[in-house]
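Chemist: Sharing start_13.csv below, CSV, C-alpha atoms:
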chain,number,residue,atom,x,y,z
A,787,MET,CA,-19.2,5.0,-7.9
A,788,GLU,CA,-19.7,1.3,-8.4
A,789,GLU,CA,-19.4,0.7,-4.7
A,790,ARG,CA,-22.1,-0.7,-2.4
A,791,VAL,CA,-21.6,-1.9,1.1
A,792,PRO,CA,-24.6,-2.6,3.5
A,793,GLN,CA,-25.5,0.5,5.5
A,794,HIS,CA,-24.9,-1.1,8.9
A,795,VAL,CA,-21.5,-2.3,7.8
A,796,GLN,CA,-20.7,1.3,6.7
A,797,ASN,CA,-21.7,2.5,10.1
A,798,ILE,CA,-19.5,0.0,11.9
A,799,VAL,CA,-16.5,1.1,9.8
A,800,ILE,CA,-17.3,4.8,10.4
A,801,ARG,CA,-17.7,4.3,14.2
A,802,ASP,CA,-14.4,2.4,14.3
A,803,TYR,CA,-12.6,5.1,12.4
A,804,CYS,CA,-14.0,7.8,14.7
A,805,SER,CA,-13.0,5.8,17.8
A,806,LYS,CA,-9.4,5.3,16.5
A,807,LYS,CA,-9.1,9.0,15.7
A,808,GLY,CA,-10.6,10.0,19.0
A,809,MET,CA,-13.5,11.8,17.3
A,810,GLN,CA,-17.0,12.1,18.8
A,811,TYR,CA,-19.5,10.5,16.4
A,812,LEU,CA,-22.6,12.7,16.6
A,813,LEU,CA,-25.1,11.2,14.2
A,814,SER,CA,-25.2,9.4,10.9
A,815,ALA,CA,-26.8,10.7,7.7
A,816,THR,CA,-27.9,8.5,4.9
A,817,GLU,CA,-27.9,9.6,1.3
A,818,TYR,CA,-31.0,9.1,-0.9
A,819,ALA,CA,-30.7,6.0,-3.0
A,820,MET,CA,-31.4,7.7,-6.3
A,821,ASN,CA,-28.5,7.7,-8.8
A,822,ASN,CA,-26.1,10.6,-8.3
A,823,SER,CA,-28.1,12.0,-5.4
A,824,ALA,CA,-26.1,14.4,-3.2
A,825,LEU,CA,-29.0,16.1,-1.4
A,826,MET,CA,-28.1,14.8,2.1
A,827,LEU,CA,-24.4,15.5,1.5
A,828,ARG,CA,-25.2,19.1,0.5
A,829,GLN,CA,-27.4,19.5,3.6
A,830,LEU,CA,-24.5,18.3,5.8
A,831,VAL,CA,-22.2,20.7,4.1
A,832,LYS,CA,-24.6,23.5,4.9
A,833,GLU,CA,-24.6,22.5,8.5
A,834,LEU,CA,-20.8,22.4,8.7
A,835,PRO,CA,-20.5,25.6,10.8
A,836,THR,CA,-22.2,23.7,13.7
A,837,ILE,CA,-20.1,20.6,13.6
A,838,ASP,CA,-16.3,19.7,13.4
A,839,GLY,CA,-16.5,17.8,10.1
A,840,ILE,CA,-17.9,14.9,8.2
A,841,VAL,CA,-16.8,11.2,8.1
A,842,ALA,CA,-17.9,9.4,5.0
A,843,TYR,CA,-17.6,5.7,4.5
A,844,SER,CA,-15.6,6.1,1.3
A,845,MET,CA,-14.2,8.9,-0.9
A,846,PHE,CA,-15.9,7.3,-3.8
A,847,GLN,CA,-19.3,8.1,-2.3
A,848,MET,CA,-18.7,11.7,-3.2
A,849,PRO,CA,-20.3,13.0,-6.4
A,850,GLU,CA,-18.8,11.7,-9.6
A,851,ASP,CA,-19.2,15.0,-11.3
A,852,ASP,CA,-16.0,16.9,-10.9
A,853,ASN,CA,-17.6,20.3,-10.5
A,854,GLU,CA,-20.1,19.1,-7.9
A,855,ARG,CA,-17.5,17.2,-5.9
A,856,GLN,CA,-15.0,20.0,-6.0
A,857,ARG,CA,-17.7,22.5,-4.9
A,858,ILE,CA,-18.4,20.3,-1.8
A,859,PHE,CA,-14.7,20.0,-1.0
A,860,ASN,CA,-14.2,23.7,-1.5
A,861,SER,CA,-17.1,24.4,0.9
A,862,VAL,CA,-15.4,22.2,3.5
A,863,LEU,CA,-12.2,24.1,3.1
A,864,SER,CA,-13.8,27.5,3.2
A,865,CYS,CA,-15.5,26.6,6.5
A,866,LYS,CA,-12.1,25.5,7.8
A,867,LYS,CA,-13.5,22.0,8.5
A,868,GLU,CA,-12.5,18.5,7.6
A,869,ILE,CA,-14.1,15.6,5.7
A,870,HIS,CA,-12.7,12.1,6.4
A,871,PHE,CA,-13.0,8.9,4.4
A,872,ALA,CA,-13.0,5.8,6.6
A,873,VAL,CA,-12.2,3.1,4.1
A,874,GLU,CA,-9.3,5.0,2.6
A,875,GLY,CA,-8.1,6.4,5.9
A,876,LEU,CA,-7.7,9.8,4.2
A,877,SER,CA,-9.0,13.2,5.1
A,878,LEU,CA,-9.3,16.5,3.3
A,879,TYR,CA,-8.5,19.6,5.3
A,880,ASP,CA,-6.1,21.8,3.2
A,881,LEU,CA,-5.0,22.4,-0.3
A,882,GLY,CA,-2.5,19.5,-0.3
A,883,THR,CA,-5.0,16.9,0.9
A,884,TYR,CA,-7.5,18.4,-1.6
A,885,ASN,CA,-5.1,17.8,-4.5
A,886,HIS,CA,-4.2,14.3,-3.3
A,887,ILE,CA,-7.8,13.2,-3.0
A,888,GLU,CA,-8.7,14.8,-6.3
A,889,ASN,CA,-5.7,13.0,-8.0
A,890,ILE,CA,-7.0,9.7,-6.7
A,891,TRP,CA,-10.5,10.5,-8.0
A,892,GLN,CA,-9.2,11.4,-11.4
A,893,VAL,CA,-7.1,8.2,-11.6
A,894,LYS,CA,-10.1,6.1,-10.6
A,895,LYS,CA,-12.2,7.7,-13.3
A,896,THR,CA,-9.4,7.3,-15.9
A,897,LEU,CA,-8.7,3.6,-15.2
A,898,PRO,CA,-11.7,2.3,-17.1
A,899,HIS,CA,-10.4,4.1,-20.2
A,900,CYS,CA,-7.0,2.4,-19.9
A,901,ILE,CA,-6.7,-0.6,-22.3
A,902,PHE,CA,-5.8,-3.6,-20.2
B,600,MET,CA,11.6,-1.8,-30.9
B,601,ASP,CA,13.4,-1.7,-27.6
B,602,PHE,CA,14.9,1.6,-26.6
B,603,LEU,CA,15.9,0.6,-23.1
B,604,LEU,CA,19.4,1.4,-22.1
B,605,ASN,CA,21.8,-1.4,-21.6
B,606,GLU,CA,21.9,-1.1,-17.8
B,607,GLU,CA,18.1,-1.1,-17.8
B,608,LYS,CA,18.0,-4.3,-19.9
B,609,ILE,CA,20.5,-6.0,-17.5
B,610,LEU,CA,18.5,-5.2,-14.4
B,611,GLY,CA,15.2,-6.1,-16.1
B,612,GLN,CA,16.5,-9.5,-17.4
B,613,GLU,CA,17.9,-10.3,-13.9
B,614,PHE,CA,14.4,-9.6,-12.5
B,615,ILE,CA,12.7,-11.8,-15.1
B,616,ASP,CA,15.2,-14.6,-14.7
B,617,GLN,CA,15.4,-14.7,-10.9
B,618,GLY,CA,12.1,-13.2,-9.9
B,619,TYR,CA,14.0,-10.6,-7.9
B,620,ILE,CA,16.9,-8.2,-7.8
B,621,ILE,CA,19.1,-7.1,-4.9
B,622,ARG,CA,20.9,-3.8,-5.0
B,623,ASP,CA,22.5,-1.3,-2.7
B,624,VAL,CA,19.9,1.1,-1.4
B,625,ALA,CA,19.7,4.2,-3.6
B,626,ASN,CA,19.5,6.6,-0.7
B,627,LYS,CA,21.7,5.8,2.3
B,628,GLU,CA,20.5,8.9,4.2
B,629,ALA,CA,16.9,7.7,4.0
B,630,LEU,CA,17.9,4.2,5.1
B,631,ASN,CA,19.8,5.6,8.1
B,632,LYS,CA,16.9,7.8,9.1
B,633,ILE,CA,14.5,4.8,9.0
B,634,HIS,CA,17.0,2.6,10.9
B,635,LYS,CA,17.4,5.2,13.6
B,636,PHE,CA,13.6,5.6,13.9
B,637,LEU,CA,13.2,1.8,14.4
B,638,ASN,CA,16.1,1.7,16.9
B,639,ASP,CA,14.4,4.5,18.8
B,640,GLN,CA,11.2,2.4,18.9
B,641,LEU,CA,13.0,-0.6,20.2
B,642,SER,CA,14.9,1.4,22.8
B,643,LYS,CA,11.6,2.0,24.6
B,644,LYS,CA,11.8,-1.7,25.4
B,645,GLY,CA,15.5,-1.9,26.5
B,646,ASP,CA,19.0,-1.2,25.4
B,647,ASN,CA,19.5,-3.7,22.6
B,648,THR,CA,20.3,-3.7,18.9
B,649,LEU,CA,17.6,-4.8,16.3
B,650,ASN,CA,19.5,-8.1,15.9
B,651,ASN,CA,19.1,-8.8,19.6
B,652,THR,CA,15.5,-7.8,20.0
B,653,HIS,CA,14.7,-11.2,21.4
B,654,GLU,CA,16.6,-10.2,24.5
B,655,SER,CA,14.2,-7.3,25.1
B,656,ILE,CA,10.8,-8.7,23.9
B,657,ASP,CA,9.0,-11.9,24.7
B,658,ILE,CA,7.2,-13.8,21.9
B,659,ASP,CA,3.9,-13.2,23.7
B,660,ASP,CA,4.4,-9.4,23.6
B,661,LEU,CA,5.8,-9.3,20.1
B,662,ASN,CA,2.7,-8.8,18.0
B,663,ASP,CA,1.4,-5.8,20.2
B,664,PHE,CA,4.9,-4.3,19.9
B,665,ARG,CA,5.0,-4.8,16.2
B,666,LEU,CA,1.6,-3.4,15.6
B,667,ASN,CA,2.5,-0.4,17.6
B,668,VAL,CA,5.6,0.2,15.7
B,669,ILE,CA,3.7,-0.2,12.4
B,670,LYS,CA,1.3,2.5,13.6
B,671,GLU,CA,4.2,4.8,14.4
B,672,ILE,CA,5.9,4.1,11.0
B,673,ASN,CA,2.7,5.1,9.2
B,674,ALA,CA,2.2,8.2,11.3
B,675,GLN,CA,5.5,9.6,10.2
B,676,PRO,CA,4.9,12.0,7.2
B,677,TRP,CA,8.5,11.6,5.9
B,678,LEU,CA,8.8,7.9,6.1
B,679,LYS,CA,6.9,6.8,3.0
B,680,GLU,CA,8.9,9.1,0.7
B,681,ALA,CA,12.2,8.0,2.3
B,682,TYR,CA,11.1,4.4,1.7
B,683,TYR,CA,10.4,5.2,-2.0
B,684,GLN,CA,13.8,7.0,-2.4
B,685,ILE,CA,15.6,3.9,-1.2
B,686,ALA,CA,14.4,2.0,-4.3
B,687,LYS,CA,13.5,4.8,-6.7
B,688,PRO,CA,16.0,4.2,-9.6
B,689,TYR,CA,15.3,0.4,-9.6
B,690,LEU,CA,11.5,1.0,-9.6
B,691,ASP,CA,11.9,3.4,-12.4
B,692,ILE,CA,13.5,0.7,-14.5
B,693,LEU,CA,11.4,-2.3,-13.4
B,694,VAL,CA,8.0,-0.8,-13.0
B,695,GLY,CA,8.0,2.7,-14.4
B,696,ASN,CA,8.1,6.3,-13.2
B,697,GLU,CA,4.5,7.0,-12.7
B,698,LEU,CA,3.7,5.0,-9.6
B,699,ALA,CA,1.2,4.0,-7.0
B,700,MET,CA,2.5,3.0,-3.6
B,701,GLN,CA,0.8,0.9,-0.9
B,702,SER,CA,-0.7,3.3,1.6
B,703,ARG,CA,0.7,1.5,4.7
B,704,ILE,CA,4.2,0.1,5.0
B,705,ASN,CA,4.5,-3.2,6.8
B,706,LEU,CA,7.0,-4.5,9.3
B,707,SER,CA,8.1,-8.0,10.1
B,708,ILE,CA,10.0,-8.9,13.2
B,709,GLN,CA,11.1,-12.6,13.4
B,710,LEU,CA,12.5,-13.6,16.8
B,711,PRO,CA,14.5,-16.8,16.9
B,712,GLU,CA,12.3,-19.9,17.3
B,713,ASP,CA,9.1,-17.8,17.1
B,714,SER,CA,6.3,-19.8,15.4
B,715,SER,CA,3.7,-17.1,15.8
B,716,SER,CA,4.8,-14.8,13.1
B,717,LEU,CA,5.0,-17.1,10.1
B,718,LEU,CA,3.8,-16.4,6.6
B,719,PRO,CA,2.9,-19.8,5.0
B,720,VAL,CA,3.8,-20.2,1.3
B,721,HIS,CA,1.7,-17.9,-0.8
B,722,ALA,CA,1.8,-15.6,-3.8
B,723,ASP,CA,0.2,-12.2,-3.2
B,724,THR,CA,-1.7,-12.6,-6.5
B,725,TRP,CA,-3.4,-15.6,-4.9
B,726,SER,CA,-5.1,-13.3,-2.4
B,727,GLY,CA,-6.1,-10.3,-4.4
B,728,ASP,CA,-3.0,-8.5,-5.6
B,729,SER,CA,-2.4,-7.6,-9.2
B,730,PRO,CA,0.5,-9.2,-11.1
B,731,PHE,CA,1.5,-5.6,-11.9
B,732,GLU,CA,2.7,-5.1,-8.4
B,733,VAL,CA,6.2,-5.6,-7.0
B,734,VAL,CA,7.3,-5.8,-3.4
B,735,VAL,CA,10.1,-3.6,-2.1
B,736,TRP,CA,11.6,-5.5,0.8
B,737,LEU,CA,14.0,-3.7,3.1
B,738,PRO,CA,16.1,-5.5,5.7
B,739,LEU,CA,17.1,-3.6,8.8
B,740,VAL,CA,19.6,-6.3,9.7
B,741,ASP,CA,21.6,-8.8,7.7
B,742,CYS,CA,19.3,-11.6,6.6
B,743,PHE,CA,20.4,-15.2,5.6
B,744,ASN,CA,19.0,-18.7,5.8
B,745,THR,CA,15.9,-19.0,7.9
B,746,LYS,CA,16.3,-15.5,9.3
B,747,SER,CA,15.4,-14.4,5.8
B,748,MET,CA,12.5,-15.1,3.4
B,749,TYR,CA,12.3,-17.6,0.6
B,750,LEU,CA,11.1,-17.2,-3.0
B,751,LEU,CA,10.3,-19.9,-5.5
B,752,PRO,CA,12.2,-19.0,-8.8
B,753,PRO,CA,10.2,-18.4,-12.0
B,754,LYS,CA,10.7,-21.8,-13.7
B,755,ALA,CA,9.7,-23.8,-10.6
B,756,ALA,CA,6.8,-21.4,-9.9
B,757,ASN,CA,5.5,-21.9,-13.4
B,758,ASN,CA,5.7,-25.7,-13.0
B,759,LEU,CA,3.8,-25.4,-9.7
B,760,SER,CA,1.2,-23.2,-11.4
B,761,ASP,CA,0.8,-25.7,-14.2
B,762,ASP,CA,0.2,-28.6,-11.7
B,763,PHE,CA,-1.6,-26.6,-9.1
B,764,LYS,CA,-4.9,-28.5,-9.4
B,765,LEU,CA,-3.0,-31.7,-8.4
B,766,HIS,CA,-2.2,-30.2,-5.0
B,767,ALA,CA,-5.4,-28.2,-4.4
B,768,GLN,CA,-6.7,-30.8,-1.9
B,769,GLY,CA,-3.7,-30.5,0.4
B,770,ASN,CA,-2.7,-27.6,2.6
B,771,SER,CA,0.0,-24.9,2.6
B,772,GLU,CA,2.5,-27.0,4.6
B,773,LYS,CA,2.2,-29.8,2.0
B,774,LEU,CA,2.7,-27.1,-0.7
B,775,PHE,CA,5.9,-26.0,1.0
B,776,ASP,CA,7.1,-29.6,1.3
B,777,LEU,CA,6.6,-29.8,-2.5
B,778,ILE,CA,8.7,-26.8,-3.3
B,779,LYS,CA,11.2,-26.7,-0.4
B,780,ASN,CA,14.1,-28.0,-2.4
B,781,ASP,CA,13.6,-25.5,-5.1
B,782,VAL,CA,13.1,-22.2,-3.1
B,783,ASN,CA,15.8,-19.6,-2.9
B,784,TRP,CA,16.6,-18.4,0.6
B,785,ILE,CA,17.4,-14.7,0.0
B,786,LYS,CA,20.7,-13.6,1.4
B,787,ILE,CA,20.7,-9.9,1.8
B,788,ASN,CA,22.6,-7.5,4.0
B,789,TYR,CA,21.6,-4.3,5.7
B,790,GLY,CA,22.3,-1.5,3.2
B,791,GLU,CA,20.8,-3.5,0.3
B,792,VAL,CA,17.2,-3.6,-0.9
B,793,LEU,CA,15.3,-6.5,-2.5
B,794,ILE,CA,12.6,-6.0,-5.1
B,795,PHE,CA,10.7,-9.2,-5.9
B,796,ASN,CA,7.9,-10.4,-8.0
B,797,GLN,CA,5.1,-11.2,-5.5
B,798,ALA,CA,3.3,-13.4,-8.1
B,799,TYR,CA,5.9,-16.1,-7.3
B,800,PRO,CA,5.3,-18.2,-4.2
B,801,HIS,CA,7.2,-17.0,-1.1
B,802,GLY,CA,7.1,-17.0,2.7
B,803,ASN,CA,9.2,-17.7,5.7
B,804,ARG,CA,9.8,-20.5,8.2
B,805,ILE,CA,10.7,-20.5,11.9
B,806,ASN,CA,13.9,-18.4,12.4
B,807,LYS,CA,16.5,-21.0,13.4
B,808,GLU,CA,19.3,-18.4,13.6
B,809,ASN,CA,20.2,-16.8,16.9
B,810,GLU,CA,19.4,-13.2,15.7
B,811,THR,CA,16.2,-11.4,15.2
B,812,ARG,CA,15.1,-10.3,11.7
B,813,TRP,CA,13.6,-6.8,11.1
B,814,SER,CA,12.4,-6.1,7.6
B,815,MET,CA,9.9,-3.8,6.0
B,816,ASN,CA,7.9,-4.4,2.9
B,817,CYS,CA,5.7,-2.2,0.7
B,818,ARG,CA,4.1,-2.7,-2.7
B,819,PHE,CA,4.5,-0.5,-5.8
B,820,LYS,CA,2.8,-0.6,-9.2
B,821,GLY,CA,2.4,1.4,-12.3
B,822,LEU,CA,-0.4,4.0,-11.6
B,823,PHE,CA,-2.3,3.2,-14.7
B,824,THR,CA,-2.0,-0.6,-14.7
B,825,PRO,CA,-4.7,-3.0,-13.7
B,826,TYR,CA,-5.8,-3.2,-10.1
B,827,LYS,CA,-7.3,-6.3,-8.5
B,828,ASP,CA,-8.8,-6.3,-5.0
B,829,LYS,CA,-6.2,-3.8,-3.7
B,830,LYS,CA,-7.7,-0.6,-5.1
B,831,ILE,CA,-6.5,2.9,-5.7
B,832,GLY,CA,-7.5,5.0,-2.8
B,833,GLU,CA,-8.1,2.3,-0.2
B,834,PHE,CA,-4.8,0.4,-0.6
B,835,PHE,CA,-2.7,2.3,-3.1
B,836,GLU,CA,-2.0,6.0,-3.5
B,837,PRO,CA,-0.5,7.9,-6.5
B,838,ILE,CA,3.0,9.1,-5.6
B,839,THR,CA,4.5,10.3,-8.8
B,840,LEU,CA,1.7,11.5,-11.0
B,841,ARG,CA,3.2,13.2,-14.1
B,842,PRO,CA,2.1,16.6,-15.4
B,843,VAL,CA,0.6,15.4,-18.7
B,844,SER,CA,-1.5,12.8,-16.9
B,845,LYS,CA,-2.6,15.4,-14.4
B,846,VAL,CA,-3.7,17.8,-17.1
B,847,ALA,CA,-5.2,15.1,-19.3
B,848,MET,CA,-7.3,13.5,-16.6
B,849,SER,CA,-9.4,16.7,-16.3
B,850,TYR,CA,-9.4,17.5,-20.0
B,851,LYS,CA,-12.8,18.1,-21.5
B,852,LEU,CA,-13.6,18.5,-25.2
B,853,PRO,CA,-15.1,21.9,-26.0
B,854,SER,CA,-18.9,21.6,-25.8
B,855,LEU,CA,-21.1,22.3,-28.9
B,856,TYR,CA,-24.0,23.3,-26.7
B,857,LYS,CA,-24.5,26.6,-24.9
B,858,SER,CA,-23.7,26.5,-21.2
B,859,THR,CA,-26.7,26.5,-19.0
B,860,TYR,CA,-25.3,29.5,-17.2
B,861,GLU,CA,-25.1,31.5,-20.4
B,862,LYS,CA,-27.8,34.0,-20.9
With the file now loaded, output its structure as structure tokens.

Modeler:
Amino acid sequence: MEERVPQHVQNIVIRDYCSKKGMQYLLSATEYAMNNSALMLRQLVKELPTIDGIVAYSMFQMPEDDNERQRIFNSVLSCKKEIHFAVEGLSLYDLGTYNHIENIWQVKKTLPHCIF
Amino acid sequence: MDFLLNEEKILGQEFIDQGYIIRDVANKEALNKIHKFLNDQLSKKGDNTLNNTHESIDIDDLNDFRLNVIKEINAQPWLKEAYYQIAKPYLDILVGNELAMQSRINLSIQLPEDSSSLLPVHADTWSGDSPFEVVVWLPLVDCFNTKSMYLLPPKAANNLSDDFKLHAQGNSEKLFDLIKNDVNWIKINYGEVLIFNQAYPHGNRINKENETRWSMNCRFKGLFTPYKDKKIGEFFEPITLRPVSKVAMSYKLPSLYKSTYEK
């Protein structure tokens, strides 16, 4: 959503986040560049049973569509796994963190409609 | 129309006139808990009060210690809410009751004669903060003179802003020389909280008193007010989202078209 940071910089931020959290960084996945693509993300979610979780560069890389994004978050929760967002330093692992991250998403989407 | 209560108008006018307000903390229990937490951090370095930190920590070790305490502060799940409760009624009046709070609370420790922890004159808005933000500044010790911070009052700040291009070729020290006779050195005691307009120039100087300053600071803003470089999610988080906003943000008009799932 309106954010673009060079891929190698994203990787540095993700590696640093993993290192600070004591997480083992297995391998990186890159989303296809087409608008609104979530193919790679969905593939990662499918592979969740074999890994501990996902670290994304930013929460705003998740699908903008509410249903699509919430479906992915629900998949993470139902696998009892975690998804982390390095820039924001936030992670989603239970209902409380799900609601907090969804609230931020909804505020972000609402702000352009606020008259400033 | 102005339906604000008289007490709200008084507080608001004081903030506008001075650029800040100082009040007793709204929740003493929360303050005591934070104070005890910081004392416990310091006690790892020796048996001293916060005021006497300089007897336990060398200037060379100060930044590592400070960063470590900041990490501990932000790892405590209770501390952010406690910090908010300390200023809540004043924030309700000055900013609003649907708020975003800075994700990480900051800590300043100013040892006497330490020149390594100085904040040169600046307004937060000059480096990416929105003018819709305020800073809640919480002293853990009594602060006065150079043990405290200074703030340029609104009238002088507006004059500086008008003439800013005349001083653009200088440096921050020259800027301070220009305003040093106009700044207010904030006198504030432990048990009080300061809320100030970060769009006015402020900073600190070498602490010439014989006590150490401990203070915390954190920014708050209206959740649905303009953001600058400090964004929702990466810098600010919603803390008091109201039910109507919550419901309305996910509201969708009924569709006139058949759902794709409908047979």

Chemist: Report as JSON lines the residues of chain B within 8 Å of chain A, each with its shortest atom pair and distance in Å (one decimal), using only C-alpha atoms, ordered by chain and increasing residue number.

Modeler:
{"residue": "B:Leu822", "atom": "CA", "partner": "A:Val893", "partner_atom": "CA", "distance": 7.9}
{"residue": "B:Phe823", "atom": "CA", "partner": "A:Leu897", "partner_atom": "CA", "distance": 6.4}
{"residue": "B:Thr824", "atom": "CA", "partner": "A:Phe902", "partner_atom": "CA", "distance": 7.3}
{"residue": "B:Pro825", "atom": "CA", "partner": "A:Phe902", "partner_atom": "CA", "distance": 6.6}
{"residue": "B:Ile831", "atom": "CA", "partner": "A:Lys894", "partner_atom": "CA", "distance": 6.9}
{"residue": "B:Gly832", "atom": "CA", "partner": "A:Glu874", "partner_atom": "CA", "distance": 5.7}
{"residue": "B:Glu833", "atom": "CA", "partner": "A:Glu874", "partner_atom": "CA", "distance": 4.1}
{"residue": "B:Phe834", "atom": "CA", "partner": "A:Glu874", "partner_atom": "CA", "distance": 7.2}
{"residue": "B:Glu836", "atom": "CA", "partner": "A:Ile890", "partner_atom": "CA", "distance": 7.0}
{"residue": "B:Pro837", "atom": "CA", "partner": "A:Ile890", "partner_atom": "CA", "distance": 6.7}
{"residue": "B:Lys845", "atom": "CA", "partner": "A:Asn889", "partner_atom": "CA", "distance": 7.5}
{"residue": "B:Met848", "atom": "CA", "partner": "A:Gln892", "partner_atom": "CA", "distance": 5.9}
{"residue": "B:Ser849", "atom": "CA", "partner": "A:Gln892", "partner_atom": "CA", "distance": 7.2}

Chemist: Compare A:Thr883, A:Ser823, A:Gln829, A:Gln793 by their minimum atom-to-atom distance to Asp851 of chain A, counting all atoms listed in the file, and give me the closest one.

Modeler: A:Ser823

Chemist: State, in Å with one decimal place, the distance from atom CA of Asp728 of chain B to atom CA of Tyr682 of chain B.

Modeler: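 Pair atom CA of Asp728 of chain B / atom CA of Tyr682 of chain B returns 20.5 Å.
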
Chemist: Identify, on the basis of all atoms listed in the file, every residue whose closest approach to Asn744 of chain B does not exceed 10 Å; exclude the query and any residue fewer than 4 positions from it along the same chain; express the result as a list in words.

Modeler: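 The filter keeps Met748, Tyr749, Asn783, Trp784, Ile785, Lys786, Ile787, Asn803, Arg804, Asn806, Lys807 and Glu808 of chain B.
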
Chemist: What's the separation between atom CA of Ala824 of chain A and atom CA of Tyr856 of chain B, in Å to one decimal place?

Modeler: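 Atom-to-atom, atom CA of Ala824 of chain A to atom CA of Tyr856 of chain B, that is 25.2 Å.
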
Chemist: Atom CA of Ser655 of chain B and atom CA of Ile672 of chain B, how far apart in Å?

Modeler: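 Atom CA of Ile672 of chain B sits 19.9 Å away from atom CA of Ser655 of chain B.
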
Chemist: Would you kindly identify which residues have an atom no farther than 12 Å from (15.5, -11.9, 3.8), using all atoms listed in the file and the file's own coordinates, and write them out as a VMD selection string?

Modeler: chain B and resid 619 621 707 to 709 735 to 750 783 to 789 791 to 795 801 to 804 806 811 to 816

Chemist: Here is a test: counting all atoms listed in the file, which residue of B:Glu712, B:Leu706, B:Phe664, B:Asp646 is nearest to Ile805 of chain B?

Modeler: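 Between B:Glu712, B:Leu706, B:Phe664, B:Asp646, the residue approaching Ile805 of chain B most closely is B:Glu712.
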
Chemist: Taking only C-alpha atoms into account, name the residue in B:Asn758, B:Asn796, B:Thr724, B:Asn651 that is nearest to Pro711 of chain B.

Modeler: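 Of the candidates, the smallest distance to Pro711 of chain B is held by B:Asn651.
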
Chemist: List the spatial neighbours of Gly611 of chain B as an NGL selection string - criterion: any atom at most 12 Å away, all atoms listed in the file, same-chain residues fewer than 2 positions off excluded.

Modeler: :B and (603-609 or 613-621 or 689-695 or 794-796)

Chemist: Please write the residues from the selection above to a file, keeping C-alpha atoms, as an mmCIF file, in the frame of the given file.

Modeler:
data_model
loop_
_atom_site.group_PDB
_atom_site.id
_atom_site.type_symbol
_atom_site.label_atom_id
_atom_site.label_comp_id
_atom_site.auth_asym_id
_atom_site.auth_seq_id
_atom_site.Cartn_x
_atom_site.Cartn_y
_atom_site.Cartn_z
ATOM 1 C CA LEU B 603 15.900 0.600 -23.100
ATOM 2 C CA LEU B 604 19.400 1.400 -22.100
ATOM 3 C CA ASN B 605 21.800 -1.400 -21.600
ATOM 4 C CA GLU B 606 21.900 -1.100 -17.800
ATOM 5 C CA GLU B 607 18.100 -1.100 -17.800
ATOM 6 C CA LYS B 608 18.000 -4.300 -19.900
ATOM 7 C CA ILE B 609 20.500 -6.000 -17.500
ATOM 8 C CA GLU B 613 17.900 -10.300 -13.900
ATOM 9 C CA PHE B 614 14.400 -9.600 -12.500
ATOM 10 C CA ILE B 615 12.700 -11.800 -15.100
ATOM 11 C CA ASP B 616 15.200 -14.600 -14.700
ATOM 12 C CA GLN B 617 15.400 -14.700 -10.900
ATOM 13 C CA GLY B 618 12.100 -13.200 -9.900
ATOM 14 C CA TYR B 619 14.000 -10.600 -7.900
ATOM 15 C CA ILE B 620 16.900 -8.200 -7.800
ATOM 16 C CA ILE B 621 19.100 -7.100 -4.900
ATOM 17 C CA TYR B 689 15.300 0.400 -9.600
ATOM 18 C CA LEU B 690 11.500 1.000 -9.600
ATOM 19 C CA ASP B 691 11.900 3.400 -12.400
ATOM 20 C CA ILE B 692 13.500 0.700 -14.500
ATOM 21 C CA LEU B 693 11.400 -2.300 -13.400
ATOM 22 C CA VAL B 694 8.000 -0.800 -13.000
ATOM 23 C CA GLY B 695 8.000 2.700 -14.400
ATOM 24 C CA ILE B 794 12.600 -6.000 -5.100
ATOM 25 C CA PHE B 795 10.700 -9.200 -5.900
ATOM 26 C CA ASN B 796 7.900 -10.400 -8.000
#

Chemist: Write out as number ranges by chain the residues lying within 12 Å of Trp725 of chain B, counting only C-alpha atoms and excluding same-chain residues fewer than 5 positions away.

Modeler: B: 720, 730, 760, 763, 797-801, 827-828

Chemist: Env of Ser864 of chain A: 12 Å cut, atoms = all atoms listed in the file, seq-sep filter 4 positions within chain, self excluded. Answer as a tab-separated table (two decimals) with C-alpha atoms, in the frame of the given file.

Modeler:
chain	number	residue	atom	x	y	z
A	831	VAL	CA	-22.20	20.70	4.10
A	832	LYS	CA	-24.60	23.50	4.90
A	834	LEU	CA	-20.80	22.40	8.70
A	835	PRO	CA	-20.50	25.60	10.80
A	856	GLN	CA	-15.00	20.00	-6.00
A	857	ARG	CA	-17.70	22.50	-4.90
A	858	ILE	CA	-18.40	20.30	-1.80
A	859	PHE	CA	-14.70	20.00	-1.00
A	860	ASN	CA	-14.20	23.70	-1.50
A	868	GLU	CA	-12.50	18.50	7.60
A	878	LEU	CA	-9.30	16.50	3.30
A	879	TYR	CA	-8.50	19.60	5.30
A	880	ASP	CA	-6.10	21.80	3.20
A	881	LEU	CA	-5.00	22.40	-0.30

Chemist: Would you mind listing what lies within 12 Å of Ile798 of chain A as a VMD selection string, with only C-alpha atoms counted and same-chain residues fewer than 5 positions away left out?

Modeler: chain A and resid 791 to 793 803 to 805 811 814 842 to 843 872 to 873
